[in-house]
Amino acid sequence: MPILSVDNISLNFGERRLLDGVSFMVNEGDKIAFIGNNGAGKSTLFKIIKGTVRPDDGKVIRHGNTIVGFLSQNMDEQDLSGSTLKPQKLIDIEERKTALEYEIAAAGDDERMADALAGLGLTGLSERTDLTTLSGGEKMRVCLAQLIVAHPDILMLDEPTNHLDIEAIEWLEDFLSSYGGAVFVISHDRHFIDRVANRVIELQDGGITCYKGNYDDYKIQKEEFLKTQEAYINNLQAELEHQLDVKQTMLSHRNISGYHQREKMVDKLEAVLEKEKAKLPSGSMSMSFNVVPEERSGAEDKILLQVKDVSKKFDDDPFIFEHISFELKANQKIFLAGPNGCGKSTLLTMLMGRQGGFDGSVFISSGATVGYMEQFVPFEDETLSCYEELVARSDLSITEARNMLARFGFRGEDAFKTINVLSGGERSRLYLCCLLQEKPDILFLDEPTNHLDIDSREVLEDALKAYNGAIVCVSHDRFFIDKCADQILGFNQGTAALYDKYAYYRKAVAKAPAASPVKEEKTEEEKVSRETEGKKESRNKAADRKEAAKRRERIRAIENEIEALENEQKELEATFTSGAGAEEYNKYADNAAKIESLYTEYMLLTEEEES
């Protein structure tokens with residue numbers, strides 16, 4: 001039974017047809033994954049359903065008294081000002097608690113909220129009355145927990161797994177799979193889609209295609225459709241060429257009547273061919289490249305990196321992790337997996353020599369070159385264009401640089417966009433494009449699939465899998481891990497060990513007993529060792545303080561930039577109802593991309609500040 005209908009929705013964005021006659025229904029019990037390339041219009045369609053954006057044509061129908069709950073990926077669109085963690089239902093009851101005390105006791109929402117927060121990795125927030133000081137990731141989890149407790153008829157979630165670690169994602173998967181209402185979720189997490197979805201809707205080139213089942217089912221159905229469609233188009237093309245030959249023969253034989261009949265047939269075939277070709281994906285947003293690094297000398301079992309009994313702590317805090325040992329061989333790909341806060345990114349920076357103050361030893365092969373891609377990628381000069389940045393960091397010719405940028409999704413004029421207007425995903429793609437030209441012996445990657453759509457993730461995976469250098473990568477993307485990793489360095493209860501498969505690591509975590517809060521007393525020799533390392537670490541504190549001050553200054557600058565851009569957006573929005581032209585729409589789109597990039601940087605910097 002349908003509970004929500006999207007009827008022939010169309011929307012123009014400047015000169016671009018973003019949505020073109022989109023229609024579908026959400027039925028009771030549906031678990032729909034909404035997929036498509038970045039910029040395809042998925043979040044915009046969510047806003048149309050919510051009512052914050054008006055379409056040019058079409059309508060959204062909520063059948064009966066359907067209640068829809070929304071989670072935006074942009075936390076500025078979620079109202080947490082002065083908010084508490086109690087759902088509105090409970091707040092209303094408490095206002096009448098003198099007469100309705102028994103209803104509050106029976107509601108049980110406090111316990112349900114606590115369960116939801118714990119499942120999403122948040123504790124100690126139940127009594128908070130001001131949630132505006134939370135980090136971006138914490139705000140997202142709080143908003144998600146509020147929705148879960150409110151239990152609407154349809155949960156509409158825009159990339160809910162952003163900022164969640166693996167444990168929280170698995171909890172959310174279990175919850176949504178058994179959720180009594182419908183779920184409509186935008187996601188690039190293919191494993192998440194496999195666990196949750198019973199329908200997949202793909203938005204591409206303004207139109208949608210619906211598939212039954214989860215992500216694996218979608219892939220099979222889409223490949224079969226593309227195979228069949230391409231064969232049909234080839235047959236149409238062959239028939240068109242045949243009819244063109246016949247038409248020309250009729251003309252040469254002066255059979256004017258036959259010529260005009262064939263001409264009509266040719267026109268009809270051309271129209272059908274054009275329509276059927278439009279059903280194939282344009283692929284304009286996805287990356288397409290092959291990484292062919294230079295040949296490397298030396299044996300494949302050569303050890304490039306050796307980690308011996310490494311432990312790390314900050315000041316007088318407990319150890320983040322202890323007694324980690326492993327080796328990285330040439331061409332080997334080791335992925336670091338574990339919950340947020342377990343020390344994955346910390347270990348990654350230690351392996352590169354960017355962080356000291358630890359027990360144990362880290363050895364890297366002499367002469368080995370390294371490359372690093374962090375979660376928010378930095379560029380020294382953001383006024384450079386994508387093309388200028390790539391040329392400055394490589395030996396590519398003009399043609400080679402343009403071709404390489406095109407393979408990473410920067411086609412035509414996009415190659416000459418300046419870095420400071422790029423979205424988060426575009427920044428990641430450009431940085432990776434430049435990094436791979438350097439052909440390092442070891443690639444250190446920190447969540448490289450963040451901000452990338454599914455098509456781009458899959459091409460990236462193929463490239464990294466074929467890369468003949470070694471890789472050490474932090475990732476929460478289980479699909480990515482399964483496809484590319486040779487081994488998993490899985491974190492569990494304050495240490496980490498190697499596993500051949502990700503599934504083996506998760507089984508080990510599930511079987512492990514709860515960690516004891518009591519630490520064993522260390523020997524005097526161990527204490528002296530750590531005191532020595534602590535002195536080494538103190539020499540870095542001045543640099544840390546300088547870096548923290550620089551980070552806080554950047555946070556303040558970003559806040560001012562976002563405020564200015566959002567004010568400009570409001571002014572532009574006011575012109576949309578009074579005959580705004582393409583220039584205003586294009587400016588609005590550029591500002592939206594800047595705001596997305598700034599929010600991404602802001603959330604990462606604030607989370608670094610808190611940690």
# chains A, B, ... in the order shown; residues from 1 in each chain; ligands from 1
$ residues_around --residues "segment 430-446 of chain A" --least-positions-apart "2" --cutoff "7 Å" --atoms "only C-alpha atoms" --output "JSON, numbers by chain"
{"A": [293, 345, 368, 369, 370, 371, 372, 373, 374, 375, 377, 386, 390, 393, 394, 408, 426, 427, 428, 448, 469, 470, 471, 472, 473, 474, 475]}
$ residues_around --residues "Met352 of chain A" --least-positions-apart "2" --cutoff "9 Å" --atoms "only C-alpha atoms" --output "list in words"
Leu347, Leu348, Thr349, Met350, Arg354, Gln355, Ile364, Val370, Tyr372 and Phe444 of chain A
$ write_last_selection --atoms "N, CA, C and O atoms" --output "compact mmCIF listing (two decimals), in the first residue's frame"
# COMPACT_ATOMS: atom_id res chain seq x y z
N LEU A 347 47.94 5.90 14.38
CA LEU A 347 48.97 4.95 13.96
C LEU A 347 49.46 5.27 12.55
O LEU A 347 50.66 5.20 12.27
N LEU A 348 48.54 5.66 11.68
CA LEU A 348 48.94 5.98 10.31
C LEU A 348 49.95 7.12 10.28
O LEU A 348 50.97 7.05 9.57
N THR A 349 49.70 8.18 11.06
CA THR A 349 50.64 9.31 11.09
C THR A 349 51.97 8.91 11.75
O THR A 349 53.02 9.43 11.37
N MET A 350 51.92 8.00 12.71
CA MET A 350 53.16 7.51 13.32
C MET A 350 54.01 6.74 12.32
O MET A 350 55.24 6.88 12.29
N ARG A 354 55.22 11.31 11.25
CA ARG A 354 54.64 12.62 11.54
C ARG A 354 54.23 12.78 13.00
O ARG A 354 53.75 13.83 13.39
N GLN A 355 54.36 11.74 13.78
CA GLN A 355 53.99 11.80 15.19
C GLN A 355 54.91 10.91 16.00
O GLN A 355 55.14 9.75 15.64
N ILE A 364 61.31 1.96 8.41
CA ILE A 364 60.90 2.05 7.01
C ILE A 364 62.13 1.85 6.14
O ILE A 364 63.23 2.30 6.48
N VAL A 370 57.10 7.70 -0.18
CA VAL A 370 55.75 7.54 0.36
C VAL A 370 54.84 8.66 -0.15
O VAL A 370 55.29 9.77 -0.48
N TYR A 372 50.78 10.40 0.81
CA TYR A 372 49.79 10.43 1.89
C TYR A 372 48.55 11.19 1.44
O TYR A 372 48.64 12.28 0.87
N PHE A 444 49.93 5.89 1.78
CA PHE A 444 49.20 5.96 3.04
C PHE A 444 47.89 6.70 2.77
O PHE A 444 47.90 7.86 2.35
$ residues_around --residues "Glu382 of chain A" --least-positions-apart "5" --cutoff "7 Å" --atoms "only C-alpha atoms" --output "PyMOL selection string"
chain A and resi 418-420
$ residues_around --residues "Lys222 of chain A" --least-positions-apart "5" --cutoff "10 Å" --atoms "only C-alpha atoms" --output "ChimeraX atom specification"
/A:209-211,216-217,227-228
$ write_last_selection --atoms "C-alpha atoms" --output "compact mmCIF listing (two decimals), in the first residue's frame"
# COMPACT_ATOMS: atom_id res chain seq x y z
CA THR A 209 15.31 3.44 -12.83
CA CYS A 210 13.86 1.11 -10.18
CA TYR A 211 15.37 -2.27 -9.26
CA ASP A 216 24.12 -7.06 -5.44
CA ASP A 217 20.72 -7.58 -7.10
CA LYS A 227 23.89 -5.71 -22.15
CA THR A 228 20.38 -6.03 -23.60
$ select_by_dssp --residues "segment 221-443 of chain A" --states "helix (DSSP H, G or I)" --output "ChimeraX atom specification"
/A:221-252,256-277,344-351,386-392,398-407,412-416,419-421,424-437
$ closest_residue --among "A:Arg262, A:Lys212, A:Arg506, A:Lys587" --to "Arg478 of chain A" --atoms "only C-alpha atoms"
A:Arg506
$ residues_around --residues "Asp189 of chain A" --least-positions-apart "4" --cutoff "12 Å" --atoms "only C-alpha atoms" --output "JSON, numbers by chain"
{"A": [33, 34, 35, 36, 158, 159, 160, 161, 162, 164, 166, 169, 170, 173, 185, 193, 194, 195, 196, 197, 214, 215, 449, 450, 451, 452, 453, 454, 455, 457, 458, 475, 476, 477, 478, 479, 480, 481]}
$ write_last_selection --atoms "C-alpha atoms" --output "PDB file, in the first residue's frame"
ATOM      1  CA  ALA A  33      18.293   2.795  -1.314  1.00  0.00           C
ATOM      2  CA  PHE A  34      18.477   5.962  -3.418  1.00  0.00           C
ATOM      3  CA  ILE A  35      21.719   5.995  -5.407  1.00  0.00           C
ATOM      4  CA  GLY A  36      23.353   8.099  -8.109  1.00  0.00           C
ATOM      5  CA  ASP A 158      20.669  11.430   3.579  1.00  0.00           C
ATOM      6  CA  GLU A 159      23.952   9.508   3.900  1.00  0.00           C
ATOM      7  CA  PRO A 160      23.398   8.453   7.536  1.00  0.00           C
ATOM      8  CA  THR A 161      26.608   6.394   7.718  1.00  0.00           C
ATOM      9  CA  ASN A 162      28.783   9.513   7.371  1.00  0.00           C
ATOM     10  CA  LEU A 164      29.700   6.524  11.940  1.00  0.00           C
ATOM     11  CA  ILE A 166      31.757   0.217  11.790  1.00  0.00           C
ATOM     12  CA  ILE A 169      26.896   1.298  11.116  1.00  0.00           C
ATOM     13  CA  GLU A 170      26.231  -2.362  11.910  1.00  0.00           C
ATOM     14  CA  GLU A 173      21.807  -1.722   9.676  1.00  0.00           C
ATOM     15  CA  VAL A 185      17.979   6.355   2.290  1.00  0.00           C
ATOM     16  CA  ILE A 193      22.666  -1.100   0.981  1.00  0.00           C
ATOM     17  CA  ASP A 194      23.109  -4.884   0.770  1.00  0.00           C
ATOM     18  CA  ARG A 195      22.128  -5.254   4.433  1.00  0.00           C
ATOM     19  CA  VAL A 196      19.164  -2.851   4.444  1.00  0.00           C
ATOM     20  CA  ALA A 197      17.539  -2.399   1.029  1.00  0.00           C
ATOM     21  CA  ASN A 214      19.691  -4.996  -2.626  1.00  0.00           C
ATOM     22  CA  TYR A 215      22.924  -3.677  -4.148  1.00  0.00           C
ATOM     23  CA  THR A 449      36.459   6.865  -0.501  1.00  0.00           C
ATOM     24  CA  ASN A 450      34.899   9.656   1.576  1.00  0.00           C
ATOM     25  CA  HIS A 451      32.904  12.062  -0.639  1.00  0.00           C
ATOM     26  CA  LEU A 452      33.083   9.721  -3.652  1.00  0.00           C
ATOM     27  CA  ASP A 453      29.956   8.324  -5.298  1.00  0.00           C
ATOM     28  CA  ILE A 454      29.596   4.618  -6.044  1.00  0.00           C
ATOM     29  CA  ASP A 455      30.878   4.754  -9.623  1.00  0.00           C
ATOM     30  CA  ARG A 457      34.588   4.335  -5.633  1.00  0.00           C
ATOM     31  CA  GLU A 458      34.491   1.299  -7.887  1.00  0.00           C
ATOM     32  CA  SER A 475      38.725   2.792   5.912  1.00  0.00           C
ATOM     33  CA  HIS A 476      35.195   2.128   7.178  1.00  0.00           C
ATOM     34  CA  ASP A 477      34.033   1.125   3.686  1.00  0.00           C
ATOM     35  CA  ARG A 478      33.599  -2.637   4.005  1.00  0.00           C
ATOM     36  CA  PHE A 479      33.017  -3.145   0.280  1.00  0.00           C
ATOM     37  CA  PHE A 480      36.265  -1.293  -0.434  1.00  0.00           C
ATOM     38  CA  ILE A 481      38.121  -3.299   2.222  1.00  0.00           C
TER      39      ILE A 481
END
$ residues_around --residues "Arg551 of chain A" --least-positions-apart "4" --cutoff "7 Å" --atoms "only C-alpha atoms" --output "list in words"
Glu547, Ile555 and Leu605 of chain A
$ write_last_selection --atoms "C-alpha atoms" --output "PDB file, in the first residue's frame"
ATOM      1  CA  GLU A 547      49.182  23.757  15.074  1.00  0.00           C
ATOM      2  CA  ILE A 555      37.757  27.266  12.106  1.00  0.00           C
ATOM      3  CA  LEU A 605      38.819  20.426  11.996  1.00  0.00           C
TER       4      LEU A 605
END
$ closest_residue --among "A:Glu566, A:Ile32, A:Asn12, A:Asn37" --to "Val53 of chain A" --atoms "only C-alpha atoms"
A:Asn12
$ atom_distance --atom1 "atom CA of Thr399 of chain A" --atom2 "atom CA of Lys417 of chain A"
17.3 Å
$ atom_distance --atom1 "atom CA of Gly338 of chain A" --atom2 "atom CA of Phe491 of chain A"
4.9 Å
$ closest_residue --among "A:Asp317, A:Pro378, A:Lys333, A:Ile148" --to "Arg112 of chain A" --atoms "only C-alpha atoms"
A:Ile148
$ select_by_dssp --residues "segment 305-449 of chain A" --states "strand (DSSP E)" --output "PyMOL selection string"
chain A and resi 305-312+321-329+333-337+358-364+370-373+442-446
$ atom_distance --atom1 "atom CA of Tyr218 of chain A" --atom2 "atom CA of Leu273 of chain A"
25.2 Å
$ decode --residues "segment 394-410 of chain A" --atoms "all heavy atoms" --output "PDB file, in the first residue's frame"
ATOM      1  N   SER A 394      53.646  17.197 -11.584  1.00  0.00           N
ATOM      2  CA  SER A 394      53.933  16.057 -12.450  1.00  0.00           C
ATOM      3  C   SER A 394      54.749  16.514 -13.654  1.00  0.00           C
ATOM      4  O   SER A 394      55.003  17.705 -13.843  1.00  0.00           O
ATOM      5  CB  SER A 394      52.638  15.407 -12.929  1.00  0.00           C
ATOM      6  OG  SER A 394      51.955  16.267 -13.827  1.00  0.00           O
ATOM      7  N   ASP A 395      55.167  15.548 -14.462  1.00  0.00           N
ATOM      8  CA  ASP A 395      55.891  15.838 -15.697  1.00  0.00           C
ATOM      9  C   ASP A 395      55.005  15.640 -16.919  1.00  0.00           C
ATOM     10  O   ASP A 395      55.490  15.423 -18.031  1.00  0.00           O
ATOM     11  CB  ASP A 395      57.116  14.908 -15.808  1.00  0.00           C
ATOM     12  CG  ASP A 395      58.123  15.144 -14.695  1.00  0.00           C
ATOM     13  OD1 ASP A 395      58.278  16.317 -14.291  1.00  0.00           O
ATOM     14  OD2 ASP A 395      58.728  14.171 -14.213  1.00  0.00           O
ATOM     15  N   LEU A 396      53.706  15.717 -16.736  1.00  0.00           N
ATOM     16  CA  LEU A 396      52.778  15.468 -17.824  1.00  0.00           C
ATOM     17  C   LEU A 396      52.766  16.629 -18.810  1.00  0.00           C
ATOM     18  O   LEU A 396      52.899  17.796 -18.427  1.00  0.00           O
ATOM     19  CB  LEU A 396      51.357  15.265 -17.274  1.00  0.00           C
ATOM     20  CG  LEU A 396      51.140  14.069 -16.340  1.00  0.00           C
ATOM     21  CD1 LEU A 396      49.709  14.072 -15.811  1.00  0.00           C
ATOM     22  CD2 LEU A 396      51.425  12.763 -17.062  1.00  0.00           C
ATOM     23  N   SER A 397      52.585  16.295 -20.077  1.00  0.00           N
ATOM     24  CA  SER A 397      52.420  17.321 -21.099  1.00  0.00           C
ATOM     25  C   SER A 397      51.014  17.910 -20.989  1.00  0.00           C
ATOM     26  O   SER A 397      50.177  17.425 -20.219  1.00  0.00           O
ATOM     27  CB  SER A 397      52.623  16.722 -22.489  1.00  0.00           C
ATOM     28  OG  SER A 397      51.581  15.790 -22.779  1.00  0.00           O
ATOM     29  N   ILE A 398      50.737  18.944 -21.777  1.00  0.00           N
ATOM     30  CA  ILE A 398      49.419  19.577 -21.746  1.00  0.00           C
ATOM     31  C   ILE A 398      48.325  18.559 -22.056  1.00  0.00           C
ATOM     32  O   ILE A 398      47.321  18.443 -21.340  1.00  0.00           O
ATOM     33  CB  ILE A 398      49.358  20.744 -22.750  1.00  0.00           C
ATOM     34  CG1 ILE A 398      50.311  21.860 -22.317  1.00  0.00           C
ATOM     35  CG2 ILE A 398      47.931  21.279 -22.871  1.00  0.00           C
ATOM     36  CD1 ILE A 398      50.417  22.994 -23.319  1.00  0.00           C
ATOM     37  N   THR A 399      48.530  17.805 -23.138  1.00  0.00           N
ATOM     38  CA  THR A 399      47.527  16.814 -23.544  1.00  0.00           C
ATOM     39  C   THR A 399      47.379  15.720 -22.503  1.00  0.00           C
ATOM     40  O   THR A 399      46.256  15.317 -22.155  1.00  0.00           O
ATOM     41  CB  THR A 399      47.910  16.192 -24.897  1.00  0.00           C
ATOM     42  OG1 THR A 399      48.027  17.230 -25.874  1.00  0.00           O
ATOM     43  CG2 THR A 399      46.863  15.180 -25.346  1.00  0.00           C
ATOM     44  N   GLU A 400      48.515  15.222 -21.978  1.00  0.00           N
ATOM     45  CA  GLU A 400      48.466  14.160 -20.967  1.00  0.00           C
ATOM     46  C   GLU A 400      47.763  14.634 -19.707  1.00  0.00           C
ATOM     47  O   GLU A 400      46.977  13.890 -19.103  1.00  0.00           O
ATOM     48  CB  GLU A 400      49.888  13.696 -20.633  1.00  0.00           C
ATOM     49  CG  GLU A 400      50.565  12.920 -21.746  1.00  0.00           C
ATOM     50  CD  GLU A 400      52.044  12.684 -21.482  1.00  0.00           C
ATOM     51  OE1 GLU A 400      52.636  13.462 -20.689  1.00  0.00           O
ATOM     52  OE2 GLU A 400      52.610  11.740 -22.059  1.00  0.00           O
ATOM     53  N   ALA A 401      48.023  15.882 -19.295  1.00  0.00           N
ATOM     54  CA  ALA A 401      47.387  16.415 -18.090  1.00  0.00           C
ATOM     55  C   ALA A 401      45.876  16.550 -18.282  1.00  0.00           C
ATOM     56  O   ALA A 401      45.090  16.186 -17.397  1.00  0.00           O
ATOM     57  CB  ALA A 401      47.998  17.771 -17.731  1.00  0.00           C
ATOM     58  N   ARG A 402      45.445  17.047 -19.444  1.00  0.00           N
ATOM     59  CA  ARG A 402      44.014  17.182 -19.708  1.00  0.00           C
ATOM     60  C   ARG A 402      43.339  15.811 -19.735  1.00  0.00           C
ATOM     61  O   ARG A 402      42.225  15.637 -19.210  1.00  0.00           O
ATOM     62  CB  ARG A 402      43.778  17.911 -21.041  1.00  0.00           C
ATOM     63  CG  ARG A 402      44.138  19.379 -21.031  1.00  0.00           C
ATOM     64  CD  ARG A 402      43.272  20.182 -20.081  1.00  0.00           C
ATOM     65  NE  ARG A 402      41.854  20.082 -20.385  1.00  0.00           N
ATOM     66  CZ  ARG A 402      41.219  20.860 -21.245  1.00  0.00           C
ATOM     67  NH1 ARG A 402      41.870  21.810 -21.901  1.00  0.00           N
ATOM     68  NH2 ARG A 402      39.922  20.709 -21.446  1.00  0.00           N
ATOM     69  N   ASN A 403      43.990  14.839 -20.355  1.00  0.00           N
ATOM     70  CA  ASN A 403      43.424  13.484 -20.402  1.00  0.00           C
ATOM     71  C   ASN A 403      43.334  12.871 -19.015  1.00  0.00           C
ATOM     72  O   ASN A 403      42.340  12.214 -18.672  1.00  0.00           O
ATOM     73  CB  ASN A 403      44.274  12.584 -21.313  1.00  0.00           C
ATOM     74  CG  ASN A 403      44.128  12.937 -22.776  1.00  0.00           C
ATOM     75  OD1 ASN A 403      43.148  13.571 -23.172  1.00  0.00           O
ATOM     76  ND2 ASN A 403      45.091  12.539 -23.589  1.00  0.00           N
ATOM     77  N   MET A 404      44.371  13.084 -18.193  1.00  0.00           N
ATOM     78  CA  MET A 404      44.365  12.527 -16.843  1.00  0.00           C
ATOM     79  C   MET A 404      43.267  13.163 -15.998  1.00  0.00           C
ATOM     80  O   MET A 404      42.537  12.477 -15.274  1.00  0.00           O
ATOM     81  CB  MET A 404      45.733  12.736 -16.182  1.00  0.00           C
ATOM     82  CG  MET A 404      45.870  12.083 -14.809  1.00  0.00           C
ATOM     83  SD  MET A 404      45.591  10.293 -14.837  1.00  0.00           S
ATOM     84  CE  MET A 404      46.989   9.757 -15.825  1.00  0.00           C
ATOM     85  N   LEU A 405      43.111  14.475 -16.110  1.00  0.00           N
ATOM     86  CA  LEU A 405      42.045  15.152 -15.369  1.00  0.00           C
ATOM     87  C   LEU A 405      40.676  14.663 -15.819  1.00  0.00           C
ATOM     88  O   LEU A 405      39.768  14.484 -14.998  1.00  0.00           O
ATOM     89  CB  LEU A 405      42.153  16.667 -15.554  1.00  0.00           C
ATOM     90  CG  LEU A 405      43.281  17.356 -14.790  1.00  0.00           C
ATOM     91  CD1 LEU A 405      43.452  18.789 -15.262  1.00  0.00           C
ATOM     92  CD2 LEU A 405      43.032  17.329 -13.288  1.00  0.00           C
ATOM     93  N   ALA A 406      40.523  14.430 -17.111  1.00  0.00           N
ATOM     94  CA  ALA A 406      39.248  13.921 -17.621  1.00  0.00           C
ATOM     95  C   ALA A 406      38.936  12.555 -17.037  1.00  0.00           C
ATOM     96  O   ALA A 406      37.775  12.251 -16.718  1.00  0.00           O
ATOM     97  CB  ALA A 406      39.283  13.842 -19.149  1.00  0.00           C
ATOM     98  N   ARG A 407      39.952  11.728 -16.862  1.00  0.00           N
ATOM     99  CA  ARG A 407      39.743  10.403 -16.274  1.00  0.00           C
ATOM    100  C   ARG A 407      39.299  10.493 -14.823  1.00  0.00           C
ATOM    101  O   ARG A 407      38.659   9.578 -14.308  1.00  0.00           O
ATOM    102  CB  ARG A 407      41.038   9.583 -16.366  1.00  0.00           C
ATOM    103  CG  ARG A 407      41.421   9.208 -17.786  1.00  0.00           C
ATOM    104  CD  ARG A 407      42.797   8.586 -17.825  1.00  0.00           C
ATOM    105  NE  ARG A 407      43.243   8.383 -19.202  1.00  0.00           N
ATOM    106  CZ  ARG A 407      44.490   8.062 -19.542  1.00  0.00           C
ATOM    107  NH1 ARG A 407      45.410   7.935 -18.604  1.00  0.00           N
ATOM    108  NH2 ARG A 407      44.811   7.894 -20.796  1.00  0.00           N
ATOM    109  N   PHE A 408      39.642  11.601 -14.170  1.00  0.00           N
ATOM    110  CA  PHE A 408      39.225  11.801 -12.784  1.00  0.00           C
ATOM    111  C   PHE A 408      37.965  12.657 -12.678  1.00  0.00           C
ATOM    112  O   PHE A 408      37.633  13.158 -11.620  1.00  0.00           O
ATOM    113  CB  PHE A 408      40.356  12.440 -11.982  1.00  0.00           C
ATOM    114  CG  PHE A 408      41.393  11.455 -11.525  1.00  0.00           C
ATOM    115  CD1 PHE A 408      42.367  11.004 -12.397  1.00  0.00           C
ATOM    116  CD2 PHE A 408      41.385  10.959 -10.236  1.00  0.00           C
ATOM    117  CE1 PHE A 408      43.327  10.099 -11.986  1.00  0.00           C
ATOM    118  CE2 PHE A 408      42.337  10.047  -9.819  1.00  0.00           C
ATOM    119  CZ  PHE A 408      43.318   9.609 -10.696  1.00  0.00           C
ATOM    120  N   GLY A 409      37.261  12.821 -13.800  1.00  0.00           N
ATOM    121  CA  GLY A 409      35.982  13.525 -13.772  1.00  0.00           C
ATOM    122  C   GLY A 409      36.051  15.008 -14.027  1.00  0.00           C
ATOM    123  O   GLY A 409      35.033  15.697 -13.936  1.00  0.00           O
ATOM    124  N   PHE A 410      37.243  15.553 -14.354  1.00  0.00           N
ATOM    125  CA  PHE A 410      37.372  16.984 -14.632  1.00  0.00           C
ATOM    126  C   PHE A 410      37.454  17.179 -16.148  1.00  0.00           C
ATOM    127  O   PHE A 410      38.527  17.257 -16.723  1.00  0.00           O
ATOM    128  CB  PHE A 410      38.614  17.561 -13.949  1.00  0.00           C
ATOM    129  CG  PHE A 410      38.572  17.475 -12.456  1.00  0.00           C
ATOM    130  CD1 PHE A 410      39.239  16.452 -11.791  1.00  0.00           C
ATOM    131  CD2 PHE A 410      37.857  18.401 -11.707  1.00  0.00           C
ATOM    132  CE1 PHE A 410      39.195  16.358 -10.414  1.00  0.00           C
ATOM    133  CE2 PHE A 410      37.814  18.316 -10.331  1.00  0.00           C
ATOM    134  CZ  PHE A 410      38.478  17.285  -9.675  1.00  0.00           C
TER     135      PHE A 410
END
